[in-house]
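Participant: If you scroll down you'll find the structure; I have some questions about it.
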Number of protein chains: 2
Amino acid sequence: MLKKINLLDEVNKINELYVYKKIAILNNNILSVVQVENRTLDFHVHENSDELFFVIEGEFKFDTDDGVILLKEGEMIVVPKGTRHRPIVTTLTKFLMIELPGTLNKQNSGDKYEDSDIN
Amino acid sequence: MLKKINLLDEVNKINELYVYKKIAILNNNILSVVQVENRTLDFHVHENSDELFFVIEGEFKFDTDDGVILLKEGEMIVVPKGTRHRPIVTTLTKFLMIELPGTLNKQNSGDKYEDSDIN
C-alpha cells in the first residue's frame with residue numbers, strides 16, 4: 001500500500017541528533033532523514049555513489065575543494081561520486097539524504113543509523 | 001564545479017506548463033521539475049523504474065488501485081515500479097520528479113521535455 005511522506009513530519013519524529021532514519025527506497029537509492037546540529041565532518045569522498053543533500057529546515061555550509069556553498073531551506077546539492085566534500089552544520093538543520101546503500105557509515109557521516117522496516 | 005539547486009527557483013524559471021526541466025542526475029536517476037495544472041493522466045505503469053513525486057508548491061491527488069492520496073507542499077510519494085497509478089492535478093502545482101532515464105515519455109506524462117546541458 002502506497003503512503004505519502006511528509007518530510008518535515010518524518011524528520012521531526014526522530015528524537016535524537018545524528019540518527020539517520022530510512023524513509024524510502026528509490027531505484028536502490030536510500031532516502032533518509034536526519035537532524036544535525038554543531039557538527040563538522042572530516043573531508044571525505046564516496047567512491048561508489050552520488051549523494052544528495054536537501055535542506056528540509058535550517059541551513060548549512062557545504063564545503064568543497066572549490067569553496068563553501070551555503071544551502072538554505074528548500075535547497076539541495078547533488079555531489080557526484082569521487083567529489084571531496086564535508087558538511088558544516090552549526091544551527092539545528094533537518095536533512096533529506098539520498099544515496100546508494102553502504103554510502104553512509106559512522107566514519108563519514110558522524111553517527112548511528114536507526115533500524116527500519118524498510119529494506 | 002558544484003552548484004546548489006533551489007527547487008522553487010528552478011521550477012519557476014519554466015515558462016510553460018508540462019515542460020519537464022532536468023536539473024540533476026543522481027546515480028543514473030534523473031531529477032526534473034515541472035509545473036502542471038488541470039491535467040489528469042491515464043492510469044499507467046512504469047515497468048523499469050520507481051518514481052518519486054515531490055510537491056514543491058501546490059497540491060495534487062495521487063490515484064492508485066488502493067485509493068486516492070492527497071499530497072501537499074513538502075510531501076512526496078515513491079511509486080515502486082510495476083505499480084499502476086495516475087496523478088490528478090487541478091490547481092497549479094510544481095513538482096520535483098525522480099526516475100530512471102526513459103521513464104517519462106509523452107504517452108505517460110503528458111508532454112514535452114526541455115533540452116538540457118545536463119547529461
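In the C-alpha cells, chains take letters A, B, ... by order of appearance, with residues numbered from 1 within each chain and ligands from 1 in the order shown.
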Can I have chain A aligned to chain B? Use a least-squares fit on all Cα atoms paired in order and write it out as an mmCIF file with C-alpha atoms, in the first residue's frame.
Facilitator:
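Final output, saved to superposed-v6.cif:
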```
data_model
loop_
_atom_site.group_PDB
_atom_site.id
_atom_site.type_symbol
_atom_site.label_atom_id
_atom_site.label_comp_id
_atom_site.auth_asym_id
_atom_site.auth_seq_id
_atom_site.Cartn_x
_atom_site.Cartn_y
_atom_site.Cartn_z
ATOM 1 C CA MET A 1 32.001 22.874 -10.060
ATOM 2 C CA LEU A 2 29.221 22.005 -7.662
ATOM 3 C CA LYS A 3 26.145 24.216 -7.551
ATOM 4 C CA LYS A 4 23.231 24.247 -5.189
ATOM 5 C CA ILE A 5 19.718 23.934 -6.548
ATOM 6 C CA ASN A 6 16.815 25.941 -5.170
ATOM 7 C CA LEU A 7 13.818 23.850 -6.171
ATOM 8 C CA LEU A 8 11.280 26.674 -6.226
ATOM 9 C CA ASP A 9 13.603 28.967 -8.208
ATOM 10 C CA GLU A 10 14.298 26.218 -10.745
ATOM 11 C CA VAL A 11 10.688 25.311 -11.334
ATOM 12 C CA ASN A 12 9.711 28.985 -11.527
ATOM 13 C CA LYS A 13 12.194 29.519 -14.378
ATOM 14 C CA ILE A 14 10.006 27.360 -16.619
ATOM 15 C CA ASN A 15 7.634 29.490 -18.670
ATOM 16 C CA GLU A 16 5.217 26.797 -19.776
ATOM 17 C CA LEU A 17 3.151 24.093 -18.202
ATOM 18 C CA TYR A 18 4.072 20.420 -18.744
ATOM 19 C CA VAL A 19 7.711 21.103 -19.635
ATOM 20 C CA TYR A 20 10.004 18.772 -17.705
ATOM 21 C CA LYS A 21 13.278 20.525 -16.922
ATOM 22 C CA LYS A 22 16.162 18.269 -15.978
ATOM 23 C CA ILE A 23 18.032 19.741 -13.008
ATOM 24 C CA ALA A 24 20.425 16.976 -11.906
ATOM 25 C CA ILE A 25 21.459 13.333 -12.183
ATOM 26 C CA LEU A 26 21.787 11.185 -9.065
ATOM 27 C CA ASN A 27 23.146 7.654 -9.504
ATOM 28 C CA ASN A 28 21.637 7.457 -12.999
ATOM 29 C CA ASN A 29 18.296 8.806 -11.804
ATOM 30 C CA ILE A 30 17.059 11.984 -13.457
ATOM 31 C CA LEU A 31 15.780 14.813 -11.265
ATOM 32 C CA SER A 32 13.397 17.094 -13.131
ATOM 33 C CA VAL A 33 10.973 19.848 -12.229
ATOM 34 C CA VAL A 34 7.658 20.624 -13.882
ATOM 35 C CA GLN A 35 4.612 22.861 -13.478
ATOM 36 C CA VAL A 36 1.236 21.237 -14.036
ATOM 37 C CA GLU A 37 -2.354 22.495 -13.954
ATOM 38 C CA ASN A 38 -5.664 20.916 -14.904
ATOM 39 C CA ARG A 39 -4.290 17.610 -16.092
ATOM 40 C CA THR A 40 -5.241 14.054 -15.259
ATOM 41 C CA LEU A 41 -3.079 11.392 -16.831
ATOM 42 C CA ASP A 42 -4.336 7.957 -17.830
ATOM 43 C CA PHE A 43 -3.536 5.164 -15.421
ATOM 44 C CA HIS A 44 -0.127 3.751 -16.289
ATOM 45 C CA VAL A 45 2.706 1.585 -15.050
ATOM 46 C CA HIS A 46 6.464 2.089 -15.216
ATOM 47 C CA GLU A 47 7.895 -1.415 -15.552
ATOM 48 C CA ASN A 48 11.550 -0.490 -15.157
ATOM 49 C CA SER A 49 11.741 2.364 -12.672
ATOM 50 C CA ASP A 50 10.462 3.505 -9.324
ATOM 51 C CA GLU A 51 9.204 7.074 -9.473
ATOM 52 C CA LEU A 52 9.264 9.869 -6.903
ATOM 53 C CA PHE A 53 6.826 12.795 -6.859
ATOM 54 C CA PHE A 54 7.638 15.684 -4.498
ATOM 55 C CA VAL A 55 5.342 18.707 -4.203
ATOM 56 C CA ILE A 56 7.403 21.907 -4.263
ATOM 57 C CA GLU A 57 4.272 24.089 -4.282
ATOM 58 C CA GLY A 58 0.569 23.359 -4.613
ATOM 59 C CA GLU A 59 -1.180 20.040 -4.127
ATOM 60 C CA PHE A 60 -2.457 17.111 -6.164
ATOM 61 C CA LYS A 61 -4.237 13.805 -5.890
ATOM 62 C CA PHE A 62 -2.328 10.612 -6.449
ATOM 63 C CA ASP A 63 -4.670 7.904 -7.667
ATOM 64 C CA THR A 64 -3.858 4.197 -7.234
ATOM 65 C CA ASP A 65 -5.698 0.879 -7.226
ATOM 66 C CA ASP A 66 -5.894 1.277 -3.434
ATOM 67 C CA GLY A 67 -7.470 4.728 -3.483
ATOM 68 C CA VAL A 68 -6.628 8.400 -3.733
ATOM 69 C CA ILE A 69 -3.933 10.130 -1.694
ATOM 70 C CA LEU A 70 -3.808 13.931 -1.387
ATOM 71 C CA LEU A 71 -0.268 15.304 -1.428
ATOM 72 C CA LYS A 72 0.505 18.854 -0.345
ATOM 73 C CA GLU A 73 3.586 21.064 -0.302
ATOM 74 C CA GLY A 74 6.590 19.328 1.264
ATOM 75 C CA GLU A 75 5.111 15.874 0.739
ATOM 76 C CA MET A 76 6.371 13.083 -1.504
ATOM 77 C CA ILE A 77 5.410 9.643 -2.670
ATOM 78 C CA VAL A 78 7.651 6.903 -4.017
ATOM 79 C CA VAL A 79 5.882 4.659 -6.523
ATOM 80 C CA PRO A 80 7.532 1.250 -6.871
ATOM 81 C CA LYS A 81 7.983 0.055 -10.445
ATOM 82 C CA GLY A 82 5.058 -2.014 -11.650
ATOM 83 C CA THR A 83 2.528 -0.008 -9.616
ATOM 84 C CA ARG A 84 -0.488 1.288 -11.529
ATOM 85 C CA HIS A 85 -1.059 4.978 -10.845
ATOM 86 C CA ARG A 86 -2.111 8.329 -12.204
ATOM 87 C CA PRO A 87 -1.688 11.881 -10.950
ATOM 88 C CA ILE A 88 -4.722 14.159 -10.868
ATOM 89 C CA VAL A 89 -3.748 17.818 -10.894
ATOM 90 C CA THR A 90 -6.366 20.564 -10.680
ATOM 91 C CA THR A 91 -4.738 23.765 -9.431
ATOM 92 C CA LEU A 92 -1.248 24.873 -10.451
ATOM 93 C CA THR A 93 1.244 22.540 -8.795
ATOM 94 C CA LYS A 94 5.030 22.448 -9.009
ATOM 95 C CA PHE A 95 6.811 19.108 -8.795
ATOM 96 C CA LEU A 96 10.198 17.536 -8.402
ATOM 97 C CA MET A 97 10.255 14.140 -10.133
ATOM 98 C CA ILE A 98 12.962 11.492 -9.832
ATOM 99 C CA GLU A 99 13.153 8.379 -12.004
ATOM 100 C CA LEU A 100 15.454 6.422 -14.304
ATOM 101 C CA PRO A 101 16.077 7.607 -17.881
ATOM 102 C CA GLY A 102 13.351 6.647 -20.343
ATOM 103 C CA THR A 103 10.611 6.551 -17.709
ATOM 104 C CA LEU A 104 8.940 9.821 -18.639
ATOM 105 C CA ASN A 105 7.526 9.974 -22.120
ATOM 106 C CA LYS A 106 4.772 11.794 -23.940
ATOM 107 C CA GLN A 107 2.430 8.869 -23.625
ATOM 108 C CA ASN A 108 2.551 8.609 -19.850
ATOM 109 C CA SER A 109 3.416 12.046 -18.599
ATOM 110 C CA GLY A 110 1.484 14.279 -20.846
ATOM 111 C CA ASP A 111 3.922 16.486 -22.626
ATOM 112 C CA LYS A 112 7.326 17.639 -23.711
ATOM 113 C CA TYR A 113 10.855 17.667 -22.367
ATOM 114 C CA GLU A 114 13.194 20.600 -22.380
ATOM 115 C CA ASP A 115 16.634 20.156 -23.858
ATOM 116 C CA SER A 116 19.247 20.401 -21.191
ATOM 117 C CA ASP A 117 22.982 20.588 -20.824
ATOM 118 C CA ILE A 118 22.779 18.018 -18.049
ATOM 119 C CA ASN A 119 23.534 14.588 -19.503
#
```
Participant: List every residue of chain B that DSSP, applied to the backbone of this structure, places in alpha helix (DSSP H), and write the result as a PyMOL selection string.
Facilitator: chain B and resi 7-12+106-109
Participant: Pick out each residue of region 74-111 of chain B that DSSP on the backbone tags as strand (DSSP E); I need them as a VMD selection string.
Facilitator: chain B and resid 75 to 79 85 to 89 93 to 99
Participant: Take the residues that were just selected and, keeping C-alpha atoms, output them as an mmCIF file, in the first residue's frame.
Facilitator:
```
data_model
loop_
_atom_site.group_PDB
_atom_site.id
_atom_site.type_symbol
_atom_site.label_atom_id
_atom_site.label_comp_id
_atom_site.auth_asym_id
_atom_site.auth_seq_id
_atom_site.Cartn_x
_atom_site.Cartn_y
_atom_site.Cartn_z
ATOM 1 C CA GLU B 75 5.114 15.867 0.739
ATOM 2 C CA MET B 76 6.362 13.078 -1.517
ATOM 3 C CA ILE B 77 5.411 9.641 -2.674
ATOM 4 C CA VAL B 78 7.656 6.898 -4.024
ATOM 5 C CA VAL B 79 5.882 4.653 -6.532
ATOM 6 C CA HIS B 85 -1.062 4.978 -10.844
ATOM 7 C CA ARG B 86 -2.104 8.329 -12.209
ATOM 8 C CA PRO B 87 -1.687 11.875 -10.947
ATOM 9 C CA ILE B 88 -4.733 14.157 -10.867
ATOM 10 C CA VAL B 89 -3.757 17.816 -10.892
ATOM 11 C CA THR B 93 1.229 22.554 -8.791
ATOM 12 C CA LYS B 94 5.020 22.447 -9.001
ATOM 13 C CA PHE B 95 6.796 19.110 -8.800
ATOM 14 C CA LEU B 96 10.182 17.535 -8.409
ATOM 15 C CA MET B 97 10.236 14.148 -10.146
ATOM 16 C CA ILE B 98 12.961 11.498 -9.845
ATOM 17 C CA GLU B 99 13.141 8.389 -12.012
#
```
